[in-house]
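Working notes, beginning with the structure itself.
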Amino acid sequence: MANNKNNPVLYIVVPCFNEQEVLPSSNEKLLNLMTLMKEQSLVSRDSKLLYVDDGSRDGTWEIISSLVSDHRDVAGVKLACNSGHQNALMAGLASAVDHCDITVTIDADLQDDINVIPKMVERYNDGCDIVFGVRQERKTDSWFKRTTASMFYKLMNRLGVNTINNHADYRLMSRRAVMALLDYKERNLFIRGIVTKLGYKTDCVYYDRTARTAGESKYPFKKMMNFAIDGITSFSVKPVRMVFMVGVLFLIIAMIMLIYVLTAYFMGRAVSGWPSLILSIWLVGAFILIGLGIIGEYVGKIYTEVKNRPRYNIDTTLGLGQ
Ligand code: UDP
Ligand code: MG
């Protein structure tokens, strides 16, 4: 396939997990945008929407397959079971990469403004390989989601994980950027941490995030926490160093205590108290346990990496690249 800088083949990759409520309306908006971009010759006539059904348990796949038979420019991939948002994205990108010049990934609920996609394509034409969609404000997210998200981004940056602030997984990637991303074989995926490491020329486009129009968030608190922990431990060893520093601090305190006890002894004021003793046992025990917990997190990661399991398993593919 020719690597068209102008009029590139665009695949919009949309991961869907139990999205039957929003899918029809999202599809209509995306198709309208696609038609518009094709008419303006911004993207090639071969461009498509690619829906990845991440093992949904509702009617999502039925909707996708009927969309594929109704529209030439819709394709679908069905994962055999629920593999998670990040893996669904990887499956979509891997399926799309052989058929297109550029990909845009976007959530099925279209909380991210699709009207900046043409701007993303323009940035690509200007020579960027990756264009990040960045939220200007997130008034429509709940207070809780906003604060936890902003705490998370700050913590990540403190820990040395390079992420773009307020950028989720809404981005344009050129084919070579996707190929480079697919070379990252790790199982504990945190895509937005990897893409900043690829080294290609990047740019940002800005938009306001809107509320989910239908259906519920597929990221309940527990999934969000797991995602945050994955993000940190997959990219940063600082927590382990922190344990080490706490250990050093404790050693220093222990030395001071020793000096204190020795002077007390030689001055004839030996202390009999067990409270201090029992307290130290508890404290030290607690820190050993915390340390073990953090180390365990990394050992767990090593375990999943060495198993080298496939990330997902494709069940069916419809309408790709014809
Ligand atoms: N998603 C997925 N697999 C999952 C969970 C979510 O493919 O296991 C998809 C979901 O369908 C949506 C996107 O990931 O397209 C983001 O999910 P959601 O909008 O629920 O997250 P939020 O916007 O609340 O962070
Ligand atoms: Mg959402």
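Labels for the structure tokens follow display order: chains A, B, ..., residues from 1 in each chain, ligands from 1.
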
Hey, which residues come within 8 Å of ligand 1 if we count only C-alpha atoms and all ligand atoms? Could you give them as a short mmCIF file (atom, residue, chain, number, x, y, z; two decimals) with N, CA, C and O atoms, in the first residue's frame?
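After the write, pocket11.cif holds the following:
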```
data_model
loop_
_atom_site.label_atom_id
_atom_site.label_comp_id
_atom_site.auth_asym_id
_atom_site.auth_seq_id
_atom_site.Cartn_x
_atom_site.Cartn_y
_atom_site.Cartn_z
N VAL A 14 -12.20 1.61 17.52
CA VAL A 14 -13.10 1.88 18.66
C VAL A 14 -13.28 0.62 19.50
O VAL A 14 -13.93 -0.33 19.06
N PRO A 15 -12.69 0.57 20.72
CA PRO A 15 -12.91 -0.59 21.57
C PRO A 15 -14.30 -0.52 22.20
O PRO A 15 -14.74 0.55 22.61
N CYS A 16 -15.02 -1.64 22.24
CA CYS A 16 -16.39 -1.64 22.76
C CYS A 16 -16.58 -2.79 23.74
O CYS A 16 -16.38 -3.95 23.37
N PHE A 17 -16.96 -2.47 24.95
CA PHE A 17 -17.29 -3.51 25.93
C PHE A 17 -18.68 -3.21 26.48
O PHE A 17 -18.86 -2.20 27.16
N ASN A 18 -19.63 -4.06 26.15
CA ASN A 18 -21.03 -3.85 26.54
C ASN A 18 -21.51 -2.44 26.21
O ASN A 18 -21.97 -1.71 27.07
N GLU A 19 -21.39 -2.06 24.95
CA GLU A 19 -21.73 -0.69 24.55
C GLU A 19 -22.97 -0.62 23.69
O GLU A 19 -23.11 0.28 22.87
N VAL A 52 -13.84 -2.92 17.82
CA VAL A 52 -13.29 -4.11 18.47
C VAL A 52 -14.23 -4.49 19.61
O VAL A 52 -14.39 -3.73 20.57
N ASP A 53 -14.89 -5.62 19.47
CA ASP A 53 -15.77 -6.07 20.55
C ASP A 53 -14.93 -6.83 21.56
O ASP A 53 -14.42 -7.92 21.29
N ASP A 54 -14.78 -6.23 22.75
CA ASP A 54 -13.92 -6.81 23.78
C ASP A 54 -14.71 -7.81 24.62
O ASP A 54 -14.92 -7.62 25.81
N GLY A 55 -15.18 -8.88 23.99
CA GLY A 55 -15.90 -9.92 24.71
C GLY A 55 -17.16 -9.44 25.41
O GLY A 55 -17.42 -9.81 26.55
N ASN A 82 -13.34 -11.08 27.23
CA ASN A 82 -13.00 -9.74 27.69
C ASN A 82 -11.52 -9.68 28.08
O ASN A 82 -11.06 -10.39 28.95
N SER A 83 -10.75 -8.84 27.36
CA SER A 83 -9.31 -8.77 27.61
C SER A 83 -8.87 -7.42 28.14
O SER A 83 -7.69 -7.19 28.35
N GLY A 84 -9.83 -6.51 28.33
CA GLY A 84 -9.50 -5.19 28.88
C GLY A 84 -9.26 -4.16 27.79
O GLY A 84 -8.85 -4.48 26.68
N HIS A 85 -9.53 -2.91 28.16
CA HIS A 85 -9.45 -1.78 27.24
C HIS A 85 -8.13 -1.72 26.47
O HIS A 85 -8.11 -1.63 25.25
N GLN A 86 -7.01 -1.79 27.20
CA GLN A 86 -5.69 -1.63 26.57
C GLN A 86 -5.41 -2.76 25.58
O GLN A 86 -4.89 -2.52 24.49
N ASN A 87 -5.77 -3.97 25.93
CA ASN A 87 -5.56 -5.10 25.02
C ASN A 87 -6.49 -5.02 23.82
O ASN A 87 -6.11 -5.37 22.71
N ALA A 88 -7.72 -4.53 24.05
CA ALA A 88 -8.65 -4.37 22.93
C ALA A 88 -8.08 -3.36 21.94
O ALA A 88 -8.16 -3.54 20.72
N LEU A 89 -7.48 -2.28 22.47
CA LEU A 89 -6.85 -1.29 21.60
C LEU A 89 -5.73 -1.91 20.78
O LEU A 89 -5.62 -1.69 19.57
N ILE A 106 -10.30 5.81 19.71
CA ILE A 106 -11.26 6.63 20.47
C ILE A 106 -12.23 5.70 21.20
O ILE A 106 -12.55 4.62 20.71
N ASP A 107 -12.68 6.12 22.41
CA ASP A 107 -13.64 5.31 23.16
C ASP A 107 -15.01 5.33 22.50
O ASP A 107 -15.39 6.33 21.89
N ALA A 108 -15.74 4.24 22.71
CA ALA A 108 -17.03 4.08 22.04
C ALA A 108 -18.06 5.12 22.48
O ALA A 108 -18.98 5.43 21.74
N ASP A 109 -17.91 5.67 23.68
CA ASP A 109 -18.93 6.62 24.16
C ASP A 109 -18.73 8.02 23.59
O ASP A 109 -19.52 8.91 23.86
N LEU A 110 -17.67 8.22 22.78
CA LEU A 110 -17.38 9.52 22.16
C LEU A 110 -17.39 10.67 23.16
O LEU A 110 -17.85 11.77 22.85
N GLN A 111 -16.87 10.43 24.37
CA GLN A 111 -16.71 11.52 25.33
C GLN A 111 -15.63 12.47 24.84
O GLN A 111 -15.52 13.59 25.30
N ARG A 212 -20.78 11.07 29.02
CA ARG A 212 -21.22 9.86 28.35
C ARG A 212 -22.71 10.02 28.03
O ARG A 212 -23.49 10.36 28.91
N GLU A 216 -23.10 2.94 30.90
CA GLU A 216 -22.36 3.32 32.11
C GLU A 216 -20.87 3.24 31.87
O GLU A 216 -20.42 2.58 30.95
N SER A 217 -20.10 3.90 32.74
CA SER A 217 -18.65 3.82 32.65
C SER A 217 -18.22 2.37 32.86
O SER A 217 -18.74 1.69 33.74
N LYS A 218 -17.31 1.90 32.01
CA LYS A 218 -16.82 0.53 32.15
C LYS A 218 -15.55 0.52 33.00
O LYS A 218 -14.85 -0.46 33.07
N TYR A 219 -15.26 1.67 33.60
CA TYR A 219 -14.11 1.76 34.48
C TYR A 219 -14.55 2.07 35.91
O TYR A 219 -14.43 3.19 36.36
N PRO A 220 -15.11 1.09 36.61
CA PRO A 220 -15.47 1.34 37.99
C PRO A 220 -14.21 1.55 38.82
O PRO A 220 -13.10 1.33 38.33
N MET A 224 -10.15 1.21 37.84
CA MET A 224 -9.32 2.41 37.77
C MET A 224 -8.08 2.26 38.64
O MET A 224 -6.97 2.61 38.24
#
```

Taking the DSSP assignment computed from this structure's backbone, write out as a ChimeraX atom specification all residues of region 53-206 of chain A that belong to alpha helix (DSSP H).
/A:60-70,85-96,117-125,143-158,175-182,191-195

Counting only C-alpha atoms, which residues of region 46-149 of chain A fall within 12 Å of region 155-172 of chain A, and what is the closest atom pair for each with its distance in Å at one decimal, ordered by chain and rising number, as a Markdown table?
```
| residue | atom | partner | partner_atom | distance |
| --- | --- | --- | --- | --- |
| A:His85 | CA | A:Asp169 | CA | 9.7 |
| A:Gln86 | CA | A:Asp169 | CA | 8.8 |
| A:Ala88 | CA | A:Asp169 | CA | 11.7 |
| A:Leu89 | CA | A:Asp169 | CA | 8.8 |
| A:Met90 | CA | A:Asp169 | CA | 11.3 |
| A:Leu93 | CA | A:Leu172 | CA | 11.1 |
| A:Asp101 | CA | A:Leu172 | CA | 10.6 |
| A:Ile102 | CA | A:Leu172 | CA | 6.9 |
| A:Thr103 | CA | A:Leu172 | CA | 5.5 |
| A:Val104 | CA | A:Leu172 | CA | 4.3 |
| A:Thr105 | CA | A:Tyr170 | CA | 5.3 |
| A:Ile106 | CA | A:Tyr170 | CA | 4.9 |
| A:Asp107 | CA | A:Tyr170 | CA | 7.4 |
| A:Ala108 | CA | A:Tyr170 | CA | 10.8 |
| A:Asp109 | CA | A:Tyr170 | CA | 11.9 |
| A:Leu110 | CA | A:Tyr170 | CA | 9.8 |
| A:Gln111 | CA | A:Tyr170 | CA | 10.0 |
| A:Asp112 | CA | A:Tyr170 | CA | 7.2 |
| A:Asp113 | CA | A:Tyr170 | CA | 9.4 |
| A:Ile114 | CA | A:Tyr170 | CA | 9.5 |
| A:Val116 | CA | A:Arg171 | CA | 10.3 |
| A:Ile117 | CA | A:Leu172 | CA | 8.1 |
| A:Pro118 | CA | A:Leu172 | CA | 10.4 |
| A:Lys119 | CA | A:Leu172 | CA | 10.1 |
| A:Met120 | CA | A:Leu172 | CA | 6.5 |
| A:Val121 | CA | A:Leu172 | CA | 7.6 |
| A:Glu122 | CA | A:Leu172 | CA | 10.7 |
| A:Arg123 | CA | A:Leu172 | CA | 9.4 |
| A:Tyr124 | CA | A:Leu172 | CA | 8.1 |
| A:Asn125 | CA | A:Leu172 | CA | 11.6 |
| A:Cys128 | CA | A:Leu172 | CA | 9.4 |
| A:Asp129 | CA | A:Leu172 | CA | 7.8 |
| A:Ile130 | CA | A:Leu172 | CA | 5.5 |
| A:Val131 | CA | A:Leu172 | CA | 5.0 |
| A:Phe132 | CA | A:Arg171 | CA | 4.6 |
| A:Gly133 | CA | A:Tyr170 | CA | 5.4 |
| A:Val134 | CA | A:His167 | CA | 4.7 |
| A:Arg135 | CA | A:Asn166 | CA | 5.5 |
| A:Gln136 | CA | A:Asn166 | CA | 7.7 |
| A:Glu137 | CA | A:Asn166 | CA | 8.6 |
| A:Arg138 | CA | A:Asn166 | CA | 9.0 |
| A:Arg146 | CA | A:Asn166 | CA | 10.0 |
| A:Thr147 | CA | A:Asn166 | CA | 11.8 |
| A:Thr148 | CA | A:Leu155 | CA | 10.4 |
| A:Ala149 | CA | A:Asn166 | CA | 8.3 |
```

Could you name the residues that touch Glu62 (chain A) at 12 Å or less, counting only C-alpha atoms, but leaving out those on the same chain fewer than 2 positions away, as a VMD selection string?
chain A and resid 18 to 20 23 to 24 51 53 56 to 60 64 to 69 76 to 78 318

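With only C-alpha atoms as the basis for measurement, A:Ala80 is the residue among A:Ser47, A:Tyr312, A:Ala80, A:Phe266 that approaches Trp61 (chain A) most closely.
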
Computed gap from CA of Tyr153 (chain A) to CA of Arg192 (chain A) is 11.4 Å

Show me, as a list in words, the residues that have an atom within 8 Å of Thr140 (chain A) when counting only C-alpha atoms, minus same-chain residues fewer than 6 positions from it.
Arg209, Thr210 and Ala211 of chain A

I need the residues of region 16-195 of chain A that end up classed as strand (DSSP E or B) by DSSP on the backbone, written out as a PyMOL selection string.
chain A and resi 16+48-53+74-79+102-105+130-135+171-174

Got a sec: who's within 12 Å of Gln40 (chain A), counting only C-alpha atoms, leaving out chain neighbours fewer than 6 positions off, as a PyMOL selection string?
chain A and resi 6-7+33-34+118

Nearby residues (only C-alpha atoms) at most 10 Å from Phe221 (chain A), same-chain spacing under 4 positions excluded, as a compact mmCIF listing (two decimals) with N, CA, C and O atoms, in the first residue's frame:
```txt
# COMPACT_ATOMS: atom_id res chain seq x y z
N PHE A 144 -15.19 13.26 41.74
CA PHE A 144 -14.33 12.17 42.18
C PHE A 144 -13.38 11.74 41.07
O PHE A 144 -12.17 11.62 41.26
N LYS A 145 -13.94 11.55 39.86
CA LYS A 145 -13.13 11.10 38.73
C LYS A 145 -12.07 12.15 38.39
O LYS A 145 -10.91 11.83 38.11
N THR A 148 -9.32 12.23 41.30
CA THR A 148 -8.45 11.05 41.30
C THR A 148 -7.58 11.05 40.05
O THR A 148 -6.39 10.74 40.11
N SER A 217 -20.10 3.90 32.74
CA SER A 217 -18.65 3.82 32.65
C SER A 217 -18.22 2.37 32.86
O SER A 217 -18.74 1.69 33.74
N MET A 225 -8.29 1.72 39.85
CA MET A 225 -7.16 1.51 40.78
C MET A 225 -6.16 0.54 40.16
O MET A 225 -4.96 0.79 40.16
N ASN A 226 -6.67 -0.56 39.61
CA ASN A 226 -5.78 -1.55 39.00
C ASN A 226 -4.98 -0.93 37.86
O ASN A 226 -3.78 -1.18 37.71
N PHE A 227 -5.65 -0.10 37.08
CA PHE A 227 -5.02 0.56 35.95
C PHE A 227 -3.91 1.48 36.44
O PHE A 227 -2.80 1.50 35.90
```

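For the set A:Asn32, A:Ser174, A:Ser272, A:Asn115, the residue with the smallest atom-to-atom gap to Asp208 (chain A) is A:Asn115, counting only C-alpha atoms.
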
For Leu49 (chain A): contacts at 8 Å, only C-alpha atoms, fewer than 2 positions along chain excluded, given as a ChimeraX atom specification
/A:11-14,30-31,47,51,73-75

Could you turn the residues from that selection into a file that holds all heavy atoms, as a compact mmCIF listing (two decimals), in the first residue's frame?
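Heads up, here's the output in again_2.txt:
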```txt
# COMPACT_ATOMS: atom_id res chain seq x y z
N TYR A 11 -7.91 4.50 9.67
CA TYR A 11 -8.77 3.56 10.39
C TYR A 11 -9.05 4.13 11.78
O TYR A 11 -8.10 4.42 12.51
CB TYR A 11 -8.10 2.18 10.51
CG TYR A 11 -8.48 1.23 9.38
CD1 TYR A 11 -8.45 1.66 8.06
CD2 TYR A 11 -8.85 -0.08 9.65
CE1 TYR A 11 -8.80 0.81 7.03
CE2 TYR A 11 -9.19 -0.95 8.62
CZ TYR A 11 -9.17 -0.49 7.30
OH TYR A 11 -9.51 -1.34 6.29
N ILE A 12 -10.32 4.30 12.10
CA ILE A 12 -10.68 4.76 13.44
C ILE A 12 -11.00 3.51 14.27
O ILE A 12 -11.95 2.78 13.97
CB ILE A 12 -11.88 5.72 13.41
CG1 ILE A 12 -11.52 6.95 12.56
CG2 ILE A 12 -12.27 6.15 14.82
CD1 ILE A 12 -12.60 8.02 12.52
N VAL A 13 -10.19 3.26 15.28
CA VAL A 13 -10.30 2.04 16.08
C VAL A 13 -11.11 2.33 17.34
O VAL A 13 -10.74 3.21 18.12
CB VAL A 13 -8.91 1.50 16.45
CG1 VAL A 13 -9.01 0.31 17.37
CG2 VAL A 13 -8.12 1.15 15.19
N VAL A 14 -12.20 1.61 17.52
CA VAL A 14 -13.10 1.88 18.66
C VAL A 14 -13.28 0.62 19.50
O VAL A 14 -13.93 -0.33 19.06
CB VAL A 14 -14.49 2.34 18.14
CG1 VAL A 14 -15.34 2.83 19.30
CG2 VAL A 14 -14.36 3.39 17.07
N LEU A 30 -19.73 9.00 13.83
CA LEU A 30 -18.42 8.69 13.23
C LEU A 30 -18.53 8.54 11.71
O LEU A 30 -17.67 9.01 10.97
CB LEU A 30 -17.85 7.41 13.85
CG LEU A 30 -17.28 7.57 15.26
CD1 LEU A 30 -16.98 6.22 15.89
CD2 LEU A 30 -16.00 8.41 15.25
N LEU A 31 -19.63 7.89 11.27
CA LEU A 31 -19.81 7.71 9.82
C LEU A 31 -19.98 9.05 9.11
O LEU A 31 -19.40 9.28 8.04
CB LEU A 31 -21.03 6.83 9.54
CG LEU A 31 -20.79 5.33 9.49
CD1 LEU A 31 -22.09 4.62 9.15
CD2 LEU A 31 -19.71 4.97 8.49
N SER A 47 -10.78 4.47 3.75
CA SER A 47 -10.77 4.61 5.21
C SER A 47 -11.97 3.91 5.83
O SER A 47 -13.04 3.81 5.21
CB SER A 47 -10.78 6.08 5.59
OG SER A 47 -9.66 6.71 5.04
N TYR A 51 -14.50 -1.50 14.70
CA TYR A 51 -14.99 -1.73 16.06
C TYR A 51 -14.37 -3.01 16.61
O TYR A 51 -14.38 -4.05 15.94
CB TYR A 51 -16.51 -1.85 16.08
CG TYR A 51 -17.19 -0.56 15.71
CD1 TYR A 51 -17.78 -0.39 14.47
CD2 TYR A 51 -17.21 0.49 16.61
CE1 TYR A 51 -18.39 0.81 14.13
CE2 TYR A 51 -17.81 1.70 16.28
CZ TYR A 51 -18.39 1.84 15.04
OH TYR A 51 -18.98 3.03 14.71
N ASP A 73 -17.81 0.96 4.82
CA ASP A 73 -16.65 1.46 5.54
C ASP A 73 -16.70 1.18 7.05
O ASP A 73 -16.20 1.94 7.85
CB ASP A 73 -16.41 2.95 5.27
CG ASP A 73 -17.71 3.72 5.14
OD1 ASP A 73 -18.76 3.12 5.42
OD2 ASP A 73 -17.67 4.90 4.77
N VAL A 74 -17.34 0.07 7.41
CA VAL A 74 -17.29 -0.36 8.81
C VAL A 74 -16.70 -1.77 8.85
O VAL A 74 -17.05 -2.62 8.02
CB VAL A 74 -18.69 -0.37 9.45
CG1 VAL A 74 -18.63 -0.93 10.87
CG2 VAL A 74 -19.29 1.03 9.47
N ALA A 75 -15.79 -2.01 9.78
CA ALA A 75 -15.22 -3.33 9.96
C ALA A 75 -15.32 -3.71 11.43
O ALA A 75 -15.53 -2.84 12.29
CB ALA A 75 -13.77 -3.36 9.50
```

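One finds CA of Thr233 (chain A) at 13.2 Å from CA of Ile194 (chain A).
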
Residue with the minimum atom-to-atom distance to ligand 2, picked from A:Val43, A:Ala214, A:Leu50, A:Met179 with only C-alpha atoms and all ligand atoms counted, is A:Ala214

Taking only C-alpha atoms and all ligand atoms into account, name the residue in A:Gly215, A:Gly92, A:Asn27, A:Phe152 that is nearest to ligand 2.
A:Gly215
